[in-house]
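Trainee: Sharing coords_16.cif, mmCIF, N, CA and C atoms:
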data_protein
loop_
_atom_site.group_PDB
_atom_site.id
_atom_site.type_symbol
_atom_site.label_atom_id
_atom_site.label_comp_id
_atom_site.auth_asym_id
_atom_site.auth_seq_id
_atom_site.Cartn_x
_atom_site.Cartn_y
_atom_site.Cartn_z
ATOM 1 N N MET A 1 35.310 -12.563 -1.802
ATOM 2 C CA MET A 1 34.047 -11.855 -1.779
ATOM 3 C C MET A 1 33.831 -11.215 -3.147
ATOM 4 N N LYS A 2 32.664 -11.411 -3.684
ATOM 5 C CA LYS A 2 32.360 -10.838 -4.986
ATOM 6 C C LYS A 2 31.536 -9.570 -4.798
ATOM 7 N N GLU A 3 31.809 -8.593 -5.596
ATOM 8 C CA GLU A 3 31.064 -7.339 -5.562
ATOM 9 C C GLU A 3 30.614 -6.998 -6.972
ATOM 10 N N ARG A 4 29.453 -6.408 -7.072
ATOM 11 C CA ARG A 4 28.947 -5.976 -8.364
ATOM 12 C C ARG A 4 28.459 -4.539 -8.215
ATOM 13 N N PRO A 5 29.015 -3.594 -8.992
ATOM 14 C CA PRO A 5 28.573 -2.195 -8.880
ATOM 15 C C PRO A 5 27.114 -2.040 -9.316
ATOM 16 N N ALA A 6 26.474 -0.992 -8.807
ATOM 17 C CA ALA A 6 25.069 -0.735 -9.139
ATOM 18 C C ALA A 6 24.897 -0.476 -10.635
ATOM 19 N N LYS A 7 25.911 0.100 -11.273
ATOM 20 C CA LYS A 7 25.820 0.363 -12.711
ATOM 21 C C LYS A 7 25.693 -0.946 -13.496
ATOM 22 N N ASP A 8 26.434 -1.972 -13.088
ATOM 23 C CA ASP A 8 26.329 -3.269 -13.757
ATOM 24 C C ASP A 8 24.985 -3.934 -13.468
ATOM 25 N N MET A 9 24.497 -3.758 -12.233
ATOM 26 C CA MET A 9 23.201 -4.351 -11.890
ATOM 27 C C MET A 9 22.076 -3.693 -12.676
ATOM 28 N N LEU A 10 22.173 -2.387 -12.902
ATOM 29 C CA LEU A 10 21.143 -1.703 -13.680
ATOM 30 C C LEU A 10 21.096 -2.210 -15.111
ATOM 31 N N GLU A 11 22.239 -2.571 -15.661
ATOM 32 C CA GLU A 11 22.257 -3.090 -17.024
ATOM 33 C C GLU A 11 21.682 -4.493 -17.102
ATOM 34 N N ARG A 12 22.008 -5.348 -16.118
ATOM 35 C CA ARG A 12 21.574 -6.741 -16.171
ATOM 36 C C ARG A 12 20.157 -6.929 -15.643
ATOM 37 N N LYS A 13 19.925 -6.522 -14.402
ATOM 38 C CA LYS A 13 18.612 -6.689 -13.749
ATOM 39 C C LYS A 13 18.287 -5.423 -12.981
ATOM 40 N N PRO A 14 17.567 -4.484 -13.580
ATOM 41 C CA PRO A 14 17.290 -3.229 -12.864
ATOM 42 C C PRO A 14 16.366 -3.407 -11.654
ATOM 43 N N GLU A 15 15.516 -4.419 -11.662
ATOM 44 C CA GLU A 15 14.606 -4.613 -10.533
ATOM 45 C C GLU A 15 15.307 -5.249 -9.334
ATOM 46 N N ALA A 16 16.484 -5.838 -9.523
ATOM 47 C CA ALA A 16 17.185 -6.516 -8.431
ATOM 48 C C ALA A 16 17.683 -5.538 -7.371
ATOM 49 N N ILE A 17 18.006 -4.310 -7.768
ATOM 50 C CA ILE A 17 18.483 -3.315 -6.796
ATOM 51 C C ILE A 17 17.384 -2.990 -5.791
ATOM 52 N N LEU A 18 16.182 -2.750 -6.284
ATOM 53 C CA LEU A 18 15.063 -2.429 -5.400
ATOM 54 C C LEU A 18 14.671 -3.634 -4.551
ATOM 55 N N GLN A 19 14.700 -4.825 -5.129
ATOM 56 C CA GLN A 19 14.360 -6.027 -4.381
ATOM 57 C C GLN A 19 15.354 -6.270 -3.242
ATOM 58 N N LYS A 20 16.637 -6.084 -3.502
ATOM 59 C CA LYS A 20 17.638 -6.261 -2.457
ATOM 60 C C LYS A 20 17.474 -5.215 -1.359
ATOM 61 N N ALA A 21 17.081 -3.991 -1.728
ATOM 62 C CA ALA A 21 16.883 -2.941 -0.728
ATOM 63 C C ALA A 21 15.686 -3.251 0.161
ATOM 64 N N ILE A 22 14.587 -3.710 -0.434
ATOM 65 C CA ILE A 22 13.373 -4.008 0.345
ATOM 66 C C ILE A 22 13.608 -5.193 1.269
ATOM 67 N N LEU A 23 14.156 -6.271 0.724
ATOM 68 C CA LEU A 23 14.380 -7.457 1.548
ATOM 69 C C LEU A 23 15.464 -7.224 2.592
ATOM 70 N N GLY A 24 16.398 -6.323 2.323
ATOM 71 C CA GLY A 24 17.435 -6.017 3.303
ATOM 72 C C GLY A 24 16.911 -5.263 4.507
ATOM 73 N N MET A 25 15.768 -4.594 4.371
ATOM 74 C CA MET A 25 15.184 -3.865 5.501
ATOM 75 C C MET A 25 14.351 -4.763 6.403
ATOM 76 N N LEU A 26 14.075 -5.989 5.978
ATOM 77 C CA LEU A 26 13.237 -6.897 6.758
ATOM 78 C C LEU A 26 14.104 -7.864 7.560
ATOM 79 N N TYR A 27 13.556 -8.316 8.691
ATOM 80 C CA TYR A 27 14.248 -9.327 9.483
ATOM 81 C C TYR A 27 14.302 -10.632 8.700
ATOM 82 N N ARG A 28 15.377 -11.370 8.885
ATOM 83 C CA ARG A 28 15.516 -12.665 8.204
ATOM 84 C C ARG A 28 14.803 -13.719 9.042
ATOM 85 N N ASN A 29 13.550 -13.971 8.718
ATOM 86 C CA ASN A 29 12.768 -14.965 9.445
ATOM 87 C C ASN A 29 11.871 -15.708 8.457
ATOM 88 N N ASN A 30 11.045 -16.599 8.974
ATOM 89 C CA ASN A 30 10.190 -17.414 8.105
ATOM 90 C C ASN A 30 9.168 -16.574 7.358
ATOM 91 N N LEU A 31 8.682 -15.511 7.965
ATOM 92 C CA LEU A 31 7.698 -14.666 7.300
ATOM 93 C C LEU A 31 8.295 -14.014 6.062
ATOM 94 N N ARG A 32 9.510 -13.535 6.177
ATOM 95 C CA ARG A 32 10.171 -12.923 5.026
ATOM 96 C C ARG A 32 10.439 -13.963 3.944
ATOM 97 N N ASN A 33 10.971 -15.099 4.324
ATOM 98 C CA ASN A 33 11.378 -16.088 3.335
ATOM 99 C C ASN A 33 10.205 -16.777 2.647
ATOM 100 N N THR A 34 9.152 -17.081 3.390
ATOM 101 C CA THR A 34 8.057 -17.864 2.804
ATOM 102 C C THR A 34 6.881 -17.025 2.342
ATOM 103 N N TYR A 35 6.707 -15.838 2.896
ATOM 104 C CA TYR A 35 5.513 -15.057 2.556
ATOM 105 C C TYR A 35 5.837 -13.840 1.698
ATOM 106 N N ILE A 36 6.756 -13.019 2.124
ATOM 107 C CA ILE A 36 6.993 -11.746 1.444
ATOM 108 C C ILE A 36 7.840 -11.915 0.188
ATOM 109 N N GLU A 37 8.908 -12.683 0.297
ATOM 110 C CA GLU A 37 9.836 -12.804 -0.834
ATOM 111 C C GLU A 37 9.185 -13.367 -2.092
ATOM 112 N N PRO A 38 8.377 -14.430 -2.020
ATOM 113 C CA PRO A 38 7.752 -14.915 -3.261
ATOM 114 C C PRO A 38 6.682 -13.968 -3.819
ATOM 115 N N ARG A 39 6.069 -13.157 -2.963
ATOM 116 C CA ARG A 39 4.986 -12.285 -3.416
ATOM 117 C C ARG A 39 5.453 -10.894 -3.855
ATOM 118 N N LEU A 40 6.702 -10.566 -3.622
ATOM 119 C CA LEU A 40 7.226 -9.260 -3.994
ATOM 120 C C LEU A 40 7.463 -9.236 -5.503
ATOM 121 N N LYS A 41 6.698 -8.433 -6.198
ATOM 122 C CA LYS A 41 6.813 -8.336 -7.656
ATOM 123 C C LYS A 41 7.282 -6.937 -8.013
ATOM 124 N N ILE A 42 8.389 -6.856 -8.739
ATOM 125 C CA ILE A 42 8.945 -5.580 -9.166
ATOM 126 C C ILE A 42 9.135 -5.665 -10.674
ATOM 127 N N TYR A 43 8.622 -4.676 -11.383
ATOM 128 C CA TYR A 43 8.697 -4.658 -12.839
ATOM 129 C C TYR A 43 9.506 -3.452 -13.287
ATOM 130 N N ALA A 44 10.387 -3.689 -14.259
ATOM 131 C CA ALA A 44 11.166 -2.594 -14.839
ATOM 132 C C ALA A 44 10.344 -1.964 -15.944
ATOM 133 N N GLY A 45 10.106 -0.665 -15.854
ATOM 134 C CA GLY A 45 9.345 0.037 -16.871
ATOM 135 C C GLY A 45 7.883 0.199 -16.488
ATOM 136 N N PRO A 46 7.126 0.927 -17.310
ATOM 137 C CA PRO A 46 5.726 1.220 -16.975
ATOM 138 C C PRO A 46 4.759 0.081 -17.274
ATOM 139 N N ASP A 47 5.163 -0.928 -18.034
ATOM 140 C CA ASP A 47 4.254 -2.013 -18.400
ATOM 141 C C ASP A 47 4.321 -3.133 -17.371
ATOM 142 N N HIS A 48 3.138 -3.556 -16.902
ATOM 143 C CA HIS A 48 3.057 -4.680 -15.971
ATOM 144 C C HIS A 48 1.710 -5.361 -16.172
ATOM 145 N N PRO A 49 1.588 -6.622 -15.766
ATOM 146 C CA PRO A 49 0.353 -7.372 -16.023
ATOM 147 C C PRO A 49 -0.795 -7.050 -15.077
ATOM 148 N N HIS A 50 -0.619 -6.142 -14.139
ATOM 149 C CA HIS A 50 -1.670 -5.862 -13.166
ATOM 150 C C HIS A 50 -2.485 -4.629 -13.514
ATOM 151 N N LYS A 51 -2.407 -4.175 -14.740
ATOM 152 C CA LYS A 51 -3.160 -3.000 -15.141
ATOM 153 C C LYS A 51 -4.660 -3.255 -15.136
ATOM 154 N N VAL A 52 -5.061 -4.511 -15.293
ATOM 155 C CA VAL A 52 -6.470 -4.837 -15.361
ATOM 156 C C VAL A 52 -7.152 -4.736 -14.007
ATOM 157 N N GLN A 53 -6.399 -4.579 -12.931
ATOM 158 C CA GLN A 53 -7.000 -4.473 -11.613
ATOM 159 C C GLN A 53 -7.902 -3.240 -11.508
ATOM 160 N N LEU A 54 -7.525 -2.145 -12.165
ATOM 161 C CA LEU A 54 -8.340 -0.944 -12.193
ATOM 162 C C LEU A 54 -8.331 -0.417 -13.622
ATOM 163 N N PRO A 55 -9.244 -0.917 -14.484
ATOM 164 C CA PRO A 55 -9.234 -0.514 -15.886
ATOM 165 C C PRO A 55 -9.632 0.947 -16.063
ATOM 166 N N GLU A 56 -9.402 1.460 -17.252
ATOM 167 C CA GLU A 56 -9.754 2.846 -17.575
ATOM 168 C C GLU A 56 -11.257 3.049 -17.447
ATOM 169 N N GLY A 57 -11.664 4.202 -16.952
ATOM 170 C CA GLY A 57 -13.079 4.535 -16.852
ATOM 171 C C GLY A 57 -13.725 4.136 -15.543
ATOM 172 N N VAL A 58 -13.028 3.441 -14.675
ATOM 173 C CA VAL A 58 -13.584 3.032 -13.390
ATOM 174 C C VAL A 58 -13.239 4.090 -12.361
ATOM 175 N N ASN A 59 -14.230 4.537 -11.598
ATOM 176 C CA ASN A 59 -13.987 5.530 -10.555
ATOM 177 C C ASN A 59 -13.356 4.865 -9.341
ATOM 178 N N LYS A 60 -12.349 5.502 -8.786
ATOM 179 C CA LYS A 60 -11.713 4.988 -7.583
ATOM 180 C C LYS A 60 -12.624 5.235 -6.391
ATOM 181 N N LEU A 61 -12.491 4.408 -5.363
ATOM 182 C CA LEU A 61 -13.263 4.601 -4.144
ATOM 183 C C LEU A 61 -12.767 5.845 -3.421
ATOM 184 N N PRO A 62 -13.647 6.559 -2.730
ATOM 185 C CA PRO A 62 -13.189 7.746 -1.994
ATOM 186 C C PRO A 62 -12.304 7.326 -0.826
ATOM 187 N N LEU A 63 -11.424 8.224 -0.421
ATOM 188 C CA LEU A 63 -10.543 7.947 0.695
ATOM 189 C C LEU A 63 -11.341 7.827 1.980
ATOM 190 N N HIS A 64 -10.953 6.902 2.824
ATOM 191 C CA HIS A 64 -11.619 6.702 4.100
ATOM 192 C C HIS A 64 -11.072 7.709 5.094
ATOM 193 N N PRO A 65 -11.930 8.392 5.831
ATOM 194 C CA PRO A 65 -11.433 9.385 6.786
ATOM 195 C C PRO A 65 -10.712 8.714 7.940
ATOM 196 N N ARG A 66 -9.653 9.333 8.406
ATOM 197 C CA ARG A 66 -8.888 8.771 9.498
ATOM 198 C C ARG A 66 -9.192 9.453 10.825
ATOM 199 N N LYS A 67 -10.019 10.455 10.828
ATOM 200 C CA LYS A 67 -10.383 11.123 12.072
ATOM 201 C C LYS A 67 -11.804 10.717 12.440
ATOM 202 N N ARG A 68 -12.157 10.871 13.675
ATOM 203 C CA ARG A 68 -13.519 10.560 14.107
ATOM 204 C C ARG A 68 -14.383 11.811 14.129
ATOM 205 N N ARG A 69 -13.995 12.781 13.331
ATOM 206 C CA ARG A 69 -14.766 14.011 13.261
ATOM 207 C C ARG A 69 -15.002 14.340 11.805
ATOM 208 N N GLY A 70 -15.996 15.109 11.537
ATOM 209 C CA GLY A 70 -16.247 15.525 10.172
ATOM 210 C C GLY A 70 -17.609 15.079 9.690
ATOM 211 N N TYR A 71 -17.792 15.075 8.383
ATOM 212 C CA TYR A 71 -19.083 14.776 7.781
ATOM 213 C C TYR A 71 -19.189 13.311 7.397
ATOM 214 N N PHE A 72 -18.624 12.409 8.167
ATOM 215 C CA PHE A 72 -18.611 11.008 7.798
ATOM 216 C C PHE A 72 -19.429 10.196 8.782
ATOM 217 N N ASN A 73 -19.996 9.089 8.318
ATOM 218 C CA ASN A 73 -20.888 8.295 9.119
ATOM 219 C C ASN A 73 -20.221 7.067 9.702
ATOM 220 N N PHE A 74 -19.234 6.494 9.073
ATOM 221 C CA PHE A 74 -18.530 5.293 9.506
ATOM 222 C C PHE A 74 -19.420 4.071 9.526
ATOM 223 N N GLY A 75 -20.554 4.095 8.864
ATOM 224 C CA GLY A 75 -21.399 2.922 8.737
ATOM 225 C C GLY A 75 -22.114 2.504 9.995
ATOM 226 N N LEU A 76 -22.351 3.414 10.926
ATOM 227 C CA LEU A 76 -23.036 3.047 12.162
ATOM 228 C C LEU A 76 -24.547 3.202 12.056
ATOM 229 N N GLY A 77 -25.038 3.680 10.946
ATOM 230 C CA GLY A 77 -26.476 3.836 10.779
ATOM 231 C C GLY A 77 -26.959 5.202 11.229
ATOM 232 N N LYS A 78 -28.262 5.451 11.029
ATOM 233 C CA LYS A 78 -28.822 6.763 11.368
ATOM 234 C C LYS A 78 -28.888 6.996 12.875
ATOM 235 N N LYS A 79 -28.943 5.933 13.636
ATOM 236 C CA LYS A 79 -29.061 6.069 15.079
ATOM 237 C C LYS A 79 -27.878 6.845 15.670
ATOM 238 N N TYR A 80 -26.681 6.609 15.143
ATOM 239 C CA TYR A 80 -25.490 7.241 15.693
ATOM 240 C C TYR A 80 -24.903 8.316 14.786
ATOM 241 N N SER A 81 -25.462 8.522 13.615
ATOM 242 C CA SER A 81 -24.836 9.433 12.666
ATOM 243 C C SER A 81 -25.005 10.901 13.038
ATOM 244 N N GLU A 82 -25.945 11.242 13.898
ATOM 245 C CA GLU A 82 -26.177 12.641 14.228
ATOM 246 C C GLU A 82 -25.660 12.998 15.620
ATOM 247 N N THR A 83 -24.825 12.175 16.178
ATOM 248 C CA THR A 83 -24.265 12.495 17.488
ATOM 249 C C THR A 83 -23.057 13.407 17.320
ATOM 250 N N PRO A 84 -22.729 14.216 18.331
ATOM 251 C CA PRO A 84 -21.559 15.088 18.231
ATOM 252 C C PRO A 84 -20.271 14.292 18.064
ATOM 253 N N PHE A 85 -20.254 13.048 18.563
ATOM 254 C CA PHE A 85 -19.058 12.232 18.418
ATOM 255 C C PHE A 85 -18.753 11.974 16.945
ATOM 256 N N GLN A 86 -19.784 11.740 16.153
ATOM 257 C CA GLN A 86 -19.579 11.455 14.744
ATOM 258 C C GLN A 86 -19.374 12.712 13.926
ATOM 259 N N ASN A 87 -20.141 13.754 14.200
ATOM 260 C CA ASN A 87 -20.101 14.944 13.354
ATOM 261 C C ASN A 87 -19.064 15.968 13.796
ATOM 262 N N GLY A 88 -18.677 15.968 15.044
ATOM 263 C CA GLY A 88 -17.717 16.933 15.518
ATOM 264 C C GLY A 88 -18.375 18.277 15.787
ATOM 265 N N PRO A 89 -17.671 19.202 16.421
ATOM 266 C CA PRO A 89 -18.277 20.478 16.803
ATOM 267 C C PRO A 89 -18.502 21.411 15.606
ATOM 268 N N LEU A 90 -17.770 21.218 14.492
ATOM 269 C CA LEU A 90 -17.887 22.129 13.364
ATOM 270 C C LEU A 90 -18.918 21.662 12.345
ATOM 271 N N ALA A 91 -19.326 20.420 12.420
ATOM 272 C CA ALA A 91 -20.247 19.888 11.415
ATOM 273 C C ALA A 91 -21.688 20.249 11.779
ATOM 274 N N PRO A 92 -22.492 20.607 10.789
ATOM 275 C CA PRO A 92 -23.899 20.922 11.080
ATOM 276 C C PRO A 92 -24.679 19.663 11.355
ATOM 277 N N ILE A 93 -25.520 19.691 12.380
ATOM 278 C CA ILE A 93 -26.380 18.559 12.704
ATOM 279 C C ILE A 93 -27.679 18.725 11.953
ATOM 280 N N LYS A 94 -28.034 17.697 11.209
ATOM 281 C CA LYS A 94 -29.247 17.767 10.365
ATOM 282 C C LYS A 94 -30.463 17.357 11.143
#
Could you rewrite the structure in this file as structure tokens?
Mentor:
Amino acid sequence: MKERPAKDMLERKPEAILQKAILGMLYRNNLRNTYIEPRLKIYAGPDHPHKVQLPEGVNKLPLHPRKRRGYFNFGLGKKYSETPFQNGPLAPIK
């Protein structure tokens, strides 16, 4: 049985430690082998080729609310936006 300490792995391939940890938490099945493993990309350091996905100066989308209460409409239109179900008891009805 061969063993390699984490210190040696950090010198040779620092991304391999994280990849082994992620894949070790998943069941060994076809989904892991054919779908997740080839698509798992881990980069050592702050530079990676996916920076262009959200370039500088672009505003991020607002967070989507996870509750069914508050000042959010959920895209149901004006017909349902003023119901107590959408606005909740604390929200003012316009």
Trainee: Suppose you want the space between atom N of A:Ile42 and atom N of A:Ala16; what is it in Å?
Mentor: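 These atoms are spaced 8.2 Å apart.
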Trainee: Would you pick out the contacts of stretch 33-38 of chain A at 8 Å or less, using all atoms listed in the file, so that residues sharing its chain but fewer than 5 positions from it are not included, and give the list as JSON, numbers by chain?
Mentor: {"A": [23, 27, 28]}
Trainee: Provide the atom CA of A:Lys60 to atom C of A:Ala44 distance in Å, to one decimal place.
Mentor: 24.6 Å
Trainee: Report, in Å to a single decimal, how far apart atom CA of A:Ile22 and atom CA of A:His50 are.
Mentor: 20.3 Å
